[in-house]
$ cat input_30.pdb   # PDB, C-alpha atoms
ATOM      1  CA  MET T   1     -11.686 -26.784 -56.271  1.00  0.00           C
ATOM      2  CA  LYS T   2     -10.551 -24.563 -53.425  1.00  0.00           C
ATOM      3  CA  SER T   3     -10.348 -20.868 -54.098  1.00  0.00           C
ATOM      4  CA  THR T   4      -7.226 -18.952 -53.121  1.00  0.00           C
ATOM      5  CA  VAL T   5      -6.357 -15.319 -52.515  1.00  0.00           C
ATOM      6  CA  SER T   6      -3.083 -13.476 -52.731  1.00  0.00           C
ATOM      7  CA  VAL T   7      -1.703 -11.937 -49.556  1.00  0.00           C
ATOM      8  CA  LYS T   8       1.174  -9.498 -49.496  1.00  0.00           C
ATOM      9  CA  VAL T   9       4.002 -10.626 -47.231  1.00  0.00           C
ATOM     10  CA  PRO T  10       7.111  -8.504 -46.612  1.00  0.00           C
ATOM     11  CA  THR T  11      10.155  -9.901 -48.389  1.00  0.00           C
ATOM     12  CA  HIS T  12      12.282 -10.198 -45.251  1.00  0.00           C
ATOM     13  CA  THR T  13       9.474 -12.114 -43.483  1.00  0.00           C
ATOM     14  CA  LEU T  14       9.179 -14.583 -46.362  1.00  0.00           C
ATOM     15  CA  LEU T  15      12.952 -15.051 -46.466  1.00  0.00           C
ATOM     16  CA  ASP T  16      13.029 -15.729 -42.711  1.00  0.00           C
ATOM     17  CA  LEU T  17      10.220 -18.273 -43.159  1.00  0.00           C
ATOM     18  CA  ILE T  18      12.072 -20.067 -45.960  1.00  0.00           C
ATOM     19  CA  GLU T  19      15.260 -20.137 -43.904  1.00  0.00           C
ATOM     20  CA  GLN T  20      13.485 -21.536 -40.835  1.00  0.00           C
ATOM     21  CA  ALA T  21      11.796 -24.213 -42.965  1.00  0.00           C
ATOM     22  CA  GLY T  22      15.203 -25.266 -44.299  1.00  0.00           C
ATOM     23  CA  VAL T  23      16.578 -25.516 -40.758  1.00  0.00           C
ATOM     24  CA  ASN T  24      13.658 -27.758 -39.745  1.00  0.00           C
ATOM     25  CA  GLY T  25      14.071 -29.894 -42.863  1.00  0.00           C
ATOM     26  CA  GLU T  26      10.627 -29.007 -44.201  1.00  0.00           C
ATOM     27  CA  SER T  27       9.475 -28.023 -47.668  1.00  0.00           C
ATOM     28  CA  GLN T  28      10.612 -24.589 -48.736  1.00  0.00           C
ATOM     29  CA  ASP T  29       7.723 -23.993 -51.117  1.00  0.00           C
ATOM     30  CA  PRO T  30       6.524 -20.447 -50.199  1.00  0.00           C
ATOM     31  CA  PRO T  31       2.743 -21.043 -50.565  1.00  0.00           C
ATOM     32  CA  ALA T  32       2.934 -24.255 -48.533  1.00  0.00           C
ATOM     33  CA  MET T  33       5.002 -22.608 -45.816  1.00  0.00           C
ATOM     34  CA  VAL T  34       2.659 -19.599 -45.519  1.00  0.00           C
ATOM     35  CA  LEU T  35      -0.366 -21.918 -45.333  1.00  0.00           C
ATOM     36  CA  LYS T  36       1.260 -24.010 -42.624  1.00  0.00           C
ATOM     37  CA  ALA T  37       2.235 -20.919 -40.627  1.00  0.00           C
ATOM     38  CA  VAL T  38      -1.351 -19.624 -40.737  1.00  0.00           C
ATOM     39  CA  GLU T  39      -2.762 -23.008 -39.681  1.00  0.00           C
ATOM     40  CA  PHE T  40      -0.274 -23.192 -36.812  1.00  0.00           C
ATOM     41  CA  TRP T  41      -1.305 -19.707 -35.612  1.00  0.00           C
ATOM     42  CA  LEU T  42      -5.021 -20.609 -35.748  1.00  0.00           C
ATOM     43  CA  ALA T  43      -4.435 -23.788 -33.718  1.00  0.00           C
ATOM     44  CA  ALA T  44      -2.525 -21.827 -31.081  1.00  0.00           C
ATOM     45  CA  GLN T  45      -5.360 -19.279 -30.796  1.00  0.00           C
ATOM     46  CA  GLN T  46      -7.960 -22.014 -30.383  1.00  0.00           C
ATOM     47  CA  LYS T  47      -5.967 -23.523 -27.522  1.00  0.00           C
ATOM     48  CA  ARG T  48      -5.670 -20.142 -25.801  1.00  0.00           C
ATOM     49  CA  ALA T  49      -9.406 -19.374 -25.908  1.00  0.00           C
ATOM     50  CA  PRO T  50     -10.546 -21.977 -23.313  1.00  0.00           C
ATOM     51  CA  ALA T  51      -7.673 -21.002 -21.023  1.00  0.00           C
ATOM     52  CA  ALA T  52      -8.672 -17.334 -21.177  1.00  0.00           C
ATOM     53  CA  GLU T  53     -12.275 -18.188 -20.352  1.00  0.00           C
ATOM     54  CA  ALA T  54     -11.165 -20.336 -17.404  1.00  0.00           C
ATOM     55  CA  ALA T  55      -9.054 -17.479 -16.056  1.00  0.00           C
ATOM     56  CA  GLU T  56     -12.177 -15.335 -15.695  1.00  0.00           C
ATOM     57  CA  VAL T  57     -13.505 -16.313 -12.284  1.00  0.00           C
ATOM     58  CA  ARG T  58     -17.111 -15.437 -11.626  1.00  0.00           C
ATOM     59  CA  GLY T  59     -18.669 -14.970  -8.231  1.00  0.00           C
ATOM     60  CA  TYR T  60     -20.445 -12.656  -5.823  1.00  0.00           C
ATOM     61  CA  GLN T  61     -18.608  -9.672  -4.316  1.00  0.00           C
ATOM     62  CA  TRP T  62     -19.878  -9.084  -0.770  1.00  0.00           C
ATOM     63  CA  LYS T  63     -18.225  -5.925   0.554  1.00  0.00           C
ATOM     64  CA  SER T  64     -14.553  -6.917   0.966  1.00  0.00           C
ATOM     65  CA  LEU T  65     -15.333 -10.660   0.744  1.00  0.00           C
ATOM     66  CA  PHE T  66     -15.403 -12.395  -2.638  1.00  0.00           C
ATOM     67  CA  LEU T  67     -17.477 -15.587  -2.963  1.00  0.00           C
ATOM     68  CA  PRO T  68     -16.444 -17.488  -6.115  1.00  0.00           C
ATOM     69  CA  GLU T  69     -18.953 -19.435  -8.151  1.00  0.00           C
ATOM     70  CA  GLY T  70     -19.841 -22.722  -6.467  1.00  0.00           C
ATOM     71  CA  THR T  71     -19.669 -21.329  -2.923  1.00  0.00           C
ATOM     72  CA  LEU T  72     -22.165 -23.014  -0.563  1.00  0.00           C
ATOM     73  CA  ILE T  73     -24.054 -20.915   1.992  1.00  0.00           C
ATOM     74  CA  HIS T  74     -26.385 -22.028   4.743  1.00  0.00           C
ATOM     75  CA  CYS T  75     -28.101 -20.591   7.789  1.00  0.00           C
ATOM     76  CA  THR T  76     -30.237 -22.075  10.549  1.00  0.00           C
ATOM     77  CA  ILE T  77     -33.494 -20.304  11.459  1.00  0.00           C
ATOM     78  CA  HIS T  78     -35.778 -21.670  14.203  1.00  0.00           C
ATOM     79  CA  GLY T  79     -34.040 -25.045  13.958  1.00  0.00           C
ATOM     80  CA  GLU T  80     -34.480 -25.270  10.188  1.00  0.00           C
ATOM     81  CA  ARG T  81     -31.479 -25.230   7.868  1.00  0.00           C
ATOM     82  CA  TYR T  82     -31.672 -23.280   4.609  1.00  0.00           C
ATOM     83  CA  SER T  83     -29.088 -23.451   1.847  1.00  0.00           C
ATOM     84  CA  ALA T  84     -28.016 -21.290  -1.076  1.00  0.00           C
ATOM     85  CA  ILE T  85     -25.298 -21.415  -3.698  1.00  0.00           C
ATOM     86  CA  VAL T  86     -23.360 -18.865  -5.698  1.00  0.00           C
ATOM     87  CA  GLU T  87     -24.206 -19.276  -9.378  1.00  0.00           C
ATOM     88  CA  GLY T  88     -22.467 -16.934 -11.759  1.00  0.00           C
ATOM     89  CA  ASP T  89     -22.530 -13.533 -10.081  1.00  0.00           C
ATOM     90  CA  ALA T  90     -25.513 -14.105  -7.769  1.00  0.00           C
ATOM     91  CA  ILE T  91     -26.537 -15.945  -4.610  1.00  0.00           C
ATOM     92  CA  VAL T  92     -29.401 -18.276  -5.513  1.00  0.00           C
ATOM     93  CA  HIS T  93     -31.860 -19.791  -3.035  1.00  0.00           C
ATOM     94  CA  GLN T  94     -34.741 -21.870  -4.378  1.00  0.00           C
ATOM     95  CA  GLY T  95     -34.405 -20.243  -7.779  1.00  0.00           C
ATOM     96  CA  ARG T  96     -34.354 -16.695  -6.380  1.00  0.00           C
ATOM     97  CA  GLU T  97     -31.404 -14.319  -6.501  1.00  0.00           C
ATOM     98  CA  LEU T  98     -30.916 -12.791  -3.061  1.00  0.00           C
ATOM     99  CA  SER T  99     -28.415 -10.628  -1.275  1.00  0.00           C
ATOM    100  CA  PRO T 100     -26.789 -12.051   1.883  1.00  0.00           C
ATOM    101  CA  ASN T 101     -29.032  -9.934   4.126  1.00  0.00           C
ATOM    102  CA  GLN T 102     -32.157 -10.971   2.223  1.00  0.00           C
ATOM    103  CA  PHE T 103     -31.211 -14.639   2.478  1.00  0.00           C
ATOM    104  CA  ALA T 104     -30.512 -14.381   6.230  1.00  0.00           C
ATOM    105  CA  ALA T 105     -33.829 -12.619   6.926  1.00  0.00           C
ATOM    106  CA  LEU T 106     -35.989 -14.528   4.429  1.00  0.00           C
ATOM    107  CA  HIS T 107     -37.287 -17.168   6.851  1.00  0.00           C
ATOM    108  CA  ALA T 108     -36.563 -15.324  10.114  1.00  0.00           C
ATOM    109  CA  GLU T 109     -39.265 -12.664   9.710  1.00  0.00           C
ATOM    110  CA  SER T 110     -36.941 -10.259  11.493  1.00  0.00           C
ATOM    111  CA  VAL T 111     -33.795  -8.265  10.899  1.00  0.00           C
ATOM    112  CA  ARG T 112     -30.723 -10.497  11.016  1.00  0.00           C
ATOM    113  CA  ASN T 113     -26.976  -9.912  10.920  1.00  0.00           C
ATOM    114  CA  ALA T 114     -25.895 -11.839   7.842  1.00  0.00           C
ATOM    115  CA  TRP T 115     -22.208 -11.679   8.828  1.00  0.00           C
ATOM    116  CA  ASN T 116     -22.930 -13.693  11.970  1.00  0.00           C
ATOM    117  CA  ASP T 117     -25.789 -15.902  10.701  1.00  0.00           C
ATOM    118  CA  LEU T 118     -24.413 -17.149   7.384  1.00  0.00           C
ATOM    119  CA  TYR T 119     -21.986 -20.073   7.173  1.00  0.00           C
ATOM    120  CA  ILE T 120     -19.902 -20.246   4.013  1.00  0.00           C
ATOM    121  CA  ARG T 121     -17.790 -22.909   2.317  1.00  0.00           C
ATOM    122  CA  ARG T 122     -15.963 -21.810  -0.788  1.00  0.00           C
ATOM    123  CA  PRO T 123     -14.582 -24.234  -3.394  1.00  0.00           C
ATOM    124  CA  GLY T 124     -11.470 -25.711  -1.871  1.00  0.00           C
ATOM    125  CA  ASP T 125     -12.518 -25.091   1.759  1.00  0.00           C
ATOM    126  CA  LYS T 126     -12.814 -28.124   4.028  1.00  0.00           C
ATOM    127  CA  PHE T 127     -15.197 -26.628   6.571  1.00  0.00           C
ATOM    128  CA  TYR T 128     -17.913 -24.017   6.827  1.00  0.00           C
ATOM    129  CA  LYS T 129     -16.945 -20.722   8.434  1.00  0.00           C
ATOM    130  CA  THR T 130     -19.023 -17.761   9.481  1.00  0.00           C
ATOM    131  CA  ALA T 131     -18.948 -14.822   7.110  1.00  0.00           C
ATOM    132  CA  SER T 132     -17.565 -12.593   9.863  1.00  0.00           C
ATOM    133  CA  ARG T 133     -14.609 -14.932  10.369  1.00  0.00           C
ATOM    134  CA  LEU T 134     -13.858 -15.002   6.652  1.00  0.00           C
ATOM    135  CA  ARG T 135     -14.023 -11.226   6.592  1.00  0.00           C
ATOM    136  CA  ARG T 136     -11.495 -10.980   9.438  1.00  0.00           C
ATOM    137  CA  GLU T 137      -9.180 -13.436   7.710  1.00  0.00           C
ATOM    138  CA  GLN T 138      -9.437 -11.456   4.479  1.00  0.00           C
ATOM    139  CA  ALA T 139      -8.664  -8.200   6.306  1.00  0.00           C
ATOM    140  CA  ALA T 140      -5.613  -9.794   7.961  1.00  0.00           C
ATOM    141  CA  ALA T 141      -4.369 -11.098   4.603  1.00  0.00           C
ATOM    142  CA  ASP T 142      -4.813  -7.682   2.995  1.00  0.00           C
ATOM    143  CA  GLN T 143      -2.971  -6.036   5.884  1.00  0.00           C
ATOM    144  CA  ALA T 144      -0.081  -8.489   5.599  1.00  0.00           C
ATOM    145  CA  ALA T 145       0.176  -7.895   1.857  1.00  0.00           C
ATOM    146  CA  ARG T 146       0.198  -4.123   2.273  1.00  0.00           C
ATOM    147  CA  PRO T 147       3.749  -2.687   2.502  1.00  0.00           C
ATOM    148  CA  SER T 148       4.584  -1.216   5.892  1.00  0.00           C
ATOM    149  CA  PRO T 149       5.153   2.550   5.877  1.00  0.00           C
ATOM    150  CA  GLU T 150       8.758   3.589   6.373  1.00  0.00           C
ATOM    151  CA  ALA T 151       9.633   5.968   9.185  1.00  0.00           C
ATOM    152  CA  PRO T 152      10.598   9.410   7.849  1.00  0.00           C
ATOM    153  CA  PRO T 153      14.348  10.113   8.196  1.00  0.00           C
ATOM    154  CA  ALA T 154      15.426  12.524  10.895  1.00  0.00           C
ATOM    155  CA  PRO T 155      16.287  15.963   9.495  1.00  0.00           C
ATOM    156  CA  ALA T 156      20.046  16.329   9.130  1.00  0.00           C
ATOM    157  CA  SER T 157      21.608  19.427  10.575  1.00  0.00           C
ATOM    158  CA  PRO T 158      23.322  21.545   7.880  1.00  0.00           C
ATOM    159  CA  ALA T 159      27.092  21.458   7.817  1.00  0.00           C
ATOM    160  CA  HIS T 160      27.233  25.232   7.752  1.00  0.00           C
ATOM    161  CA  ALA T 161      25.113  25.665  10.847  1.00  0.00           C
ATOM    162  CA  VAL T 162      26.584  28.336  13.109  1.00  0.00           C
ATOM    163  CA  ALA T 163      26.716  27.618  16.809  1.00  0.00           C
ATOM    164  CA  ALA T 164      24.994  30.090  19.064  1.00  0.00           C
ATOM    165  CA  PRO T 165      27.486  32.668  20.352  1.00  0.00           C
ATOM    166  CA  CYS T 166      28.465  32.319  23.951  1.00  0.00           C
ATOM    167  CA  PRO T 167      27.551  35.274  26.151  1.00  0.00           C
ATOM    168  CA  PRO T 168      30.546  37.495  26.912  1.00  0.00           C
ATOM    169  CA  ALA T 169      32.186  36.862  30.225  1.00  0.00           C
ATOM    170  CA  GLN T 170      31.349  39.509  32.759  1.00  0.00           C
ATOM    171  CA  THR T 171      34.451  41.286  33.997  1.00  0.00           C
ATOM    172  CA  THR T 172      34.478  43.128  37.262  1.00  0.00           C
ATOM    173  CA  GLN T 173      36.595  46.306  37.487  1.00  0.00           C
ATOM    174  CA  ALA T 174      38.690  46.383  40.590  1.00  0.00           C
ATOM    175  CA  THR T 175      37.907  49.314  42.836  1.00  0.00           C
ATOM    176  CA  PRO T 176      41.057  51.086  44.103  1.00  0.00           C
ATOM    177  CA  SER T 177      41.521  50.650  47.812  1.00  0.00           C
ATOM    178  CA  ARG T 178      41.130  53.737  49.961  1.00  0.00           C
ATOM    179  CA  ASP T 179      43.943  55.096  52.080  1.00  0.00           C
ATOM    180  CA  ALA T 180      42.865  54.748  55.704  1.00  0.00           C
ATOM    181  CA  MET T 181      45.832  56.621  57.164  1.00  0.00           C
ATOM    182  CA  PRO T 182      44.891  59.972  58.872  1.00  0.00           C
ATOM    183  CA  GLY T 183      45.875  63.055  56.914  1.00  0.00           C
ATOM    184  CA  GLN T 184      47.647  66.131  58.187  1.00  0.00           C
ATOM    185  CA  GLY T 185      45.432  67.947  60.694  1.00  0.00           C
ATOM    186  CA  TRP T 186      42.902  65.124  60.732  1.00  0.00           C
ATOM    187  CA  THR T 187      42.150  62.814  63.577  1.00  0.00           C
ATOM    188  CA  GLN T 188      39.847  60.490  61.646  1.00  0.00           C
ATOM    189  CA  PRO T 189      40.890  58.013  59.043  1.00  0.00           C
ATOM    190  CA  GLU T 190      41.212  59.432  55.558  1.00  0.00           C
ATOM    191  CA  ARG T 191      38.181  58.498  53.395  1.00  0.00           C
ATOM    192  CA  ARG T 192      39.116  60.462  50.292  1.00  0.00           C
ATOM    193  CA  LYS T 193      41.100  59.266  47.361  1.00  0.00           C
ATOM    194  CA  PHE T 194      43.434  62.249  47.421  1.00  0.00           C
ATOM    195  CA  ARG T 195      45.371  63.986  50.217  1.00  0.00           C
ATOM    196  CA  PHE T 196      44.124  67.525  49.466  1.00  0.00           C
ATOM    197  CA  ARG T 197      40.777  69.185  49.884  1.00  0.00           C
ATOM    198  CA  LEU T 198      38.969  71.209  47.205  1.00  0.00           C
ATOM    199  CA  GLU T 199      38.946  74.381  49.323  1.00  0.00           C
ATOM    200  CA  ASP T 200      42.705  74.113  49.714  1.00  0.00           C
ATOM    201  CA  VAL T 201      43.090  74.044  45.904  1.00  0.00           C
ATOM    202  CA  ALA T 202      40.793  76.996  45.427  1.00  0.00           C
ATOM    203  CA  PHE T 203      42.707  79.273  47.826  1.00  0.00           C
ATOM    204  CA  GLU T 204      46.255  78.460  46.843  1.00  0.00           C
TER     205      GLU T 204
END
$ encode --input "input_30.pdb" --output "structure tokens"
Amino acid sequence: MKSTVSVKVPTHTLLDLIEQAGVNGESQDPPAMVLKAVEFWLAAQQKRAPAAEAAEVRGYQWKSLFLPEGTLIHCTIHGERYSAIVEGDAIVHQGRELSPNQFAALHAESVRNAWNDLYIRRPGDKFYKTASRLRREQAAADQAARPSPEAPPAPASPAHAVAAPCPPAQTTQATPSRDAMPGQGWTQPERRKFRFRLEDVAFE
């Protein structure tokens, strides 16, 4: 005999469940409907679990380049070809977990440039490419995906800006012309403004 437990369900939720069961033409027995709803929810969760695990992609992050699990790597040293594969989150060569630089220099007995020496084929790639080429392609893709910066707008001049005052026009005062006619008792042209002399005024 199966044991059962009582679970509190809000009244409005139970009423909605009964109504939906009637629309679908199913049994409206409350215990049967609650049991079926729980079983349906469990089945949906079990289907979601494998999909969630598949969405988590594992691989090795090498600087800006990501190598997903299953990526094949090889290099040629002194005419010999050596291979490695990305398993989980590591690069594995002959059972050893190595970094790209360690793998490139393992059989060379010298310092190597892993970006130029390693050839990589990720899952879905048709051909091997050098790591440096993949890095350039990744940088170009990141640059294309990055939004371009907008040019800052030119500052608008305020509507109440006052124009610079114009310099006042220079006016020239006309100089009165001198009378060049000789005065009384003078033989030379008159150079004064007036016809009388100061000494004449003083002794009048």
$ atom_distance --input "input_30.pdb" --atom1 "CA of Thr71 in chain T" --atom2 "CA of Arg58 in chain T"
10.8 Å
$ closest_residue --input "input_30.pdb" --among "T:Glu56, T:Arg81, T:Lys63, T:Ser132" --to "Ser99 in chain T" --atoms "all atoms listed in the file"
T:Lys63
$ atom_distance --input "input_30.pdb" --atom1 "CA of Leu72 in chain T" --atom2 "CA of Trp115 in chain T"
14.7 Å
$ atom_distance --input "input_30.pdb" --atom1 "CA of Ala139 in chain T" --atom2 "CA of Asn116 in chain T"
16.3 Å
$ closest_residue --input "input_30.pdb" --among "T:Ala44, T:Glu80, T:Glu69, T:Tyr60" --to "Pro123 in chain T" --atoms "only C-alpha atoms"
T:Glu69
$ closest_residue --input "input_30.pdb" --among "T:Ala145, T:Leu118, T:Leu17, T:Leu65" --to "Val38 in chain T" --atoms "all atoms listed in the file"
T:Leu17
$ residues_around --input "input_30.pdb" --residues "Ile120 in chain T" --least-positions-apart "4" --cutoff "6 Å" --atoms "all atoms listed in the file" --output "ChimeraX atom specification"
/T:72-73,128-129
$ write_last_selection --input "input_30.pdb" --atoms "C-alpha atoms" --output "mmCIF file, in the frame of the given file"
data_model
loop_
_atom_site.group_PDB
_atom_site.id
_atom_site.type_symbol
_atom_site.label_atom_id
_atom_site.label_comp_id
_atom_site.auth_asym_id
_atom_site.auth_seq_id
_atom_site.Cartn_x
_atom_site.Cartn_y
_atom_site.Cartn_z
ATOM 1 C CA LEU T 72 -22.165 -23.014 -0.563
ATOM 2 C CA ILE T 73 -24.054 -20.915 1.992
ATOM 3 C CA TYR T 128 -17.913 -24.017 6.827
ATOM 4 C CA LYS T 129 -16.945 -20.722 8.434
#
$ residues_near_point --input "input_30.pdb" --point "(-30.0, -24.9, -1.1)" --cutoff "6 Å" --atoms "all atoms listed in the file" --output "PyMOL selection string"
chain T and resi 83-84+93
$ resolve_selection --input "input_30.pdb" --expression "the PyMOL selection byres ((chain T and resi 104) around 10)" --output "list of chain:residue names"
T:His74, T:Cys75, T:Thr76, T:Ile77, T:Tyr82, T:Leu98, T:Ser99, T:Pro100, T:Asn101, T:Gln102, T:Phe103, T:Ala105, T:Leu106, T:His107, T:Ala108, T:Glu109, T:Ser110, T:Val111, T:Arg112, T:Asn113, T:Ala114, T:Trp115, T:Asn116, T:Asp117, T:Leu118
$ closest_residue --input "input_30.pdb" --among "T:Thr4, T:Gly95, T:Ala140, T:His78" --to "Leu35 in chain T" --atoms "only C-alpha atoms"
T:Thr4
$ resolve_selection --input "input_30.pdb" --expression "the PyMOL selection byres ((chain T and resi 27-33) around 12)" --output "PDB file with C-alpha atoms, in the frame of the given file"
ATOM      1  CA  THR T   4      -7.226 -18.952 -53.121  1.00  0.00           C
ATOM      2  CA  VAL T   5      -6.357 -15.319 -52.515  1.00  0.00           C
ATOM      3  CA  SER T   6      -3.083 -13.476 -52.731  1.00  0.00           C
ATOM      4  CA  VAL T   7      -1.703 -11.937 -49.556  1.00  0.00           C
ATOM      5  CA  LYS T   8       1.174  -9.498 -49.496  1.00  0.00           C
ATOM      6  CA  VAL T   9       4.002 -10.626 -47.231  1.00  0.00           C
ATOM      7  CA  THR T  11      10.155  -9.901 -48.389  1.00  0.00           C
ATOM      8  CA  THR T  13       9.474 -12.114 -43.483  1.00  0.00           C
ATOM      9  CA  LEU T  14       9.179 -14.583 -46.362  1.00  0.00           C
ATOM     10  CA  LEU T  15      12.952 -15.051 -46.466  1.00  0.00           C
ATOM     11  CA  ASP T  16      13.029 -15.729 -42.711  1.00  0.00           C
ATOM     12  CA  LEU T  17      10.220 -18.273 -43.159  1.00  0.00           C
ATOM     13  CA  ILE T  18      12.072 -20.067 -45.960  1.00  0.00           C
ATOM     14  CA  GLU T  19      15.260 -20.137 -43.904  1.00  0.00           C
ATOM     15  CA  GLN T  20      13.485 -21.536 -40.835  1.00  0.00           C
ATOM     16  CA  ALA T  21      11.796 -24.213 -42.965  1.00  0.00           C
ATOM     17  CA  GLY T  22      15.203 -25.266 -44.299  1.00  0.00           C
ATOM     18  CA  VAL T  23      16.578 -25.516 -40.758  1.00  0.00           C
ATOM     19  CA  ASN T  24      13.658 -27.758 -39.745  1.00  0.00           C
ATOM     20  CA  GLY T  25      14.071 -29.894 -42.863  1.00  0.00           C
ATOM     21  CA  GLU T  26      10.627 -29.007 -44.201  1.00  0.00           C
ATOM     22  CA  VAL T  34       2.659 -19.599 -45.519  1.00  0.00           C
ATOM     23  CA  LEU T  35      -0.366 -21.918 -45.333  1.00  0.00           C
ATOM     24  CA  LYS T  36       1.260 -24.010 -42.624  1.00  0.00           C
ATOM     25  CA  ALA T  37       2.235 -20.919 -40.627  1.00  0.00           C
ATOM     26  CA  VAL T  38      -1.351 -19.624 -40.737  1.00  0.00           C
ATOM     27  CA  GLU T  39      -2.762 -23.008 -39.681  1.00  0.00           C
ATOM     28  CA  PHE T  40      -0.274 -23.192 -36.812  1.00  0.00           C
TER      29      PHE T  40
END
$ axis_aligned_box --input "input_30.pdb" --around "range 75-79 of chain T" --padding-each-side "3 Å" --output "JSON"
{"center_x": -31.9, "center_y": -22.7, "center_z": 11.0, "size_x": 13.7, "size_y": 10.7, "size_z": 12.4}
$ closest_residue --input "input_30.pdb" --among "T:Arg135, T:His12, T:Arg96, T:Ala144" --to "Gln61 in chain T" --atoms "all atoms listed in the file"
T:Arg135
$ closest_residue --input "input_30.pdb" --among "T:Tyr119, T:Pro10, T:Gly70, T:Lys126" --to "Val57 in chain T" --atoms "only C-alpha atoms"
T:Gly70
$ build_atoms --input "input_30.pdb" --residues "range 101-119 of chain T" --atoms "N, CA and C atoms" --output "CSV table (one decimal), in the coordinates of the input"
chain,number,residue,atom,x,y,z
T,101,ASN,N,-28.1,-10.4,3.1
T,101,ASN,CA,-29.0,-9.9,4.1
T,101,ASN,C,-30.4,-10.5,3.8
T,102,GLN,N,-30.8,-10.5,2.6
T,102,GLN,CA,-32.2,-11.0,2.2
T,102,GLN,C,-32.3,-12.5,2.5
T,103,PHE,N,-31.2,-13.2,2.2
T,103,PHE,CA,-31.2,-14.6,2.5
T,103,PHE,C,-31.3,-14.9,4.0
T,104,ALA,N,-30.5,-14.2,4.8
T,104,ALA,CA,-30.5,-14.4,6.2
T,104,ALA,C,-31.9,-14.0,6.9
T,105,ALA,N,-32.6,-13.0,6.3
T,105,ALA,CA,-33.8,-12.6,6.9
T,105,ALA,C,-35.1,-13.2,6.2
T,106,LEU,N,-34.9,-14.0,5.2
T,106,LEU,CA,-36.0,-14.5,4.4
T,106,LEU,C,-36.9,-15.4,5.3
T,107,HIS,N,-36.4,-16.3,6.1
T,107,HIS,CA,-37.3,-17.2,6.9
T,107,HIS,C,-37.3,-16.8,8.3
T,108,ALA,N,-36.6,-15.7,8.7
T,108,ALA,CA,-36.6,-15.3,10.1
T,108,ALA,C,-37.7,-14.4,10.5
T,109,GLU,N,-38.2,-13.7,9.5
T,109,GLU,CA,-39.3,-12.7,9.7
T,109,GLU,C,-38.8,-11.6,10.7
T,110,SER,N,-37.5,-11.3,10.6
T,110,SER,CA,-36.9,-10.3,11.5
T,110,SER,C,-35.6,-9.8,10.9
T,111,VAL,N,-35.1,-8.8,11.4
T,111,VAL,CA,-33.8,-8.3,10.9
T,111,VAL,C,-32.7,-9.1,11.5
T,112,ARG,N,-31.8,-9.6,10.6
T,112,ARG,CA,-30.7,-10.5,11.0
T,112,ARG,C,-29.4,-9.9,10.6
T,113,ASN,N,-28.3,-10.3,11.3
T,113,ASN,CA,-27.0,-9.9,10.9
T,113,ASN,C,-26.4,-11.0,10.1
T,114,ALA,N,-26.3,-10.8,8.8
T,114,ALA,CA,-25.9,-11.8,7.8
T,114,ALA,C,-24.4,-12.3,8.1
T,115,TRP,N,-23.6,-11.3,8.6
T,115,TRP,CA,-22.2,-11.7,8.8
T,115,TRP,C,-22.1,-12.7,9.9
T,116,ASN,N,-23.0,-12.7,10.9
T,116,ASN,CA,-22.9,-13.7,12.0
T,116,ASN,C,-23.8,-14.9,11.7
T,117,ASP,N,-24.8,-14.8,10.9
T,117,ASP,CA,-25.8,-15.9,10.7
T,117,ASP,C,-25.4,-16.8,9.5
T,118,LEU,N,-24.7,-16.3,8.6
T,118,LEU,CA,-24.4,-17.1,7.4
T,118,LEU,C,-23.1,-17.9,7.5
T,119,TYR,N,-23.2,-19.2,7.2
T,119,TYR,CA,-22.0,-20.1,7.2
T,119,TYR,C,-21.6,-20.3,5.7
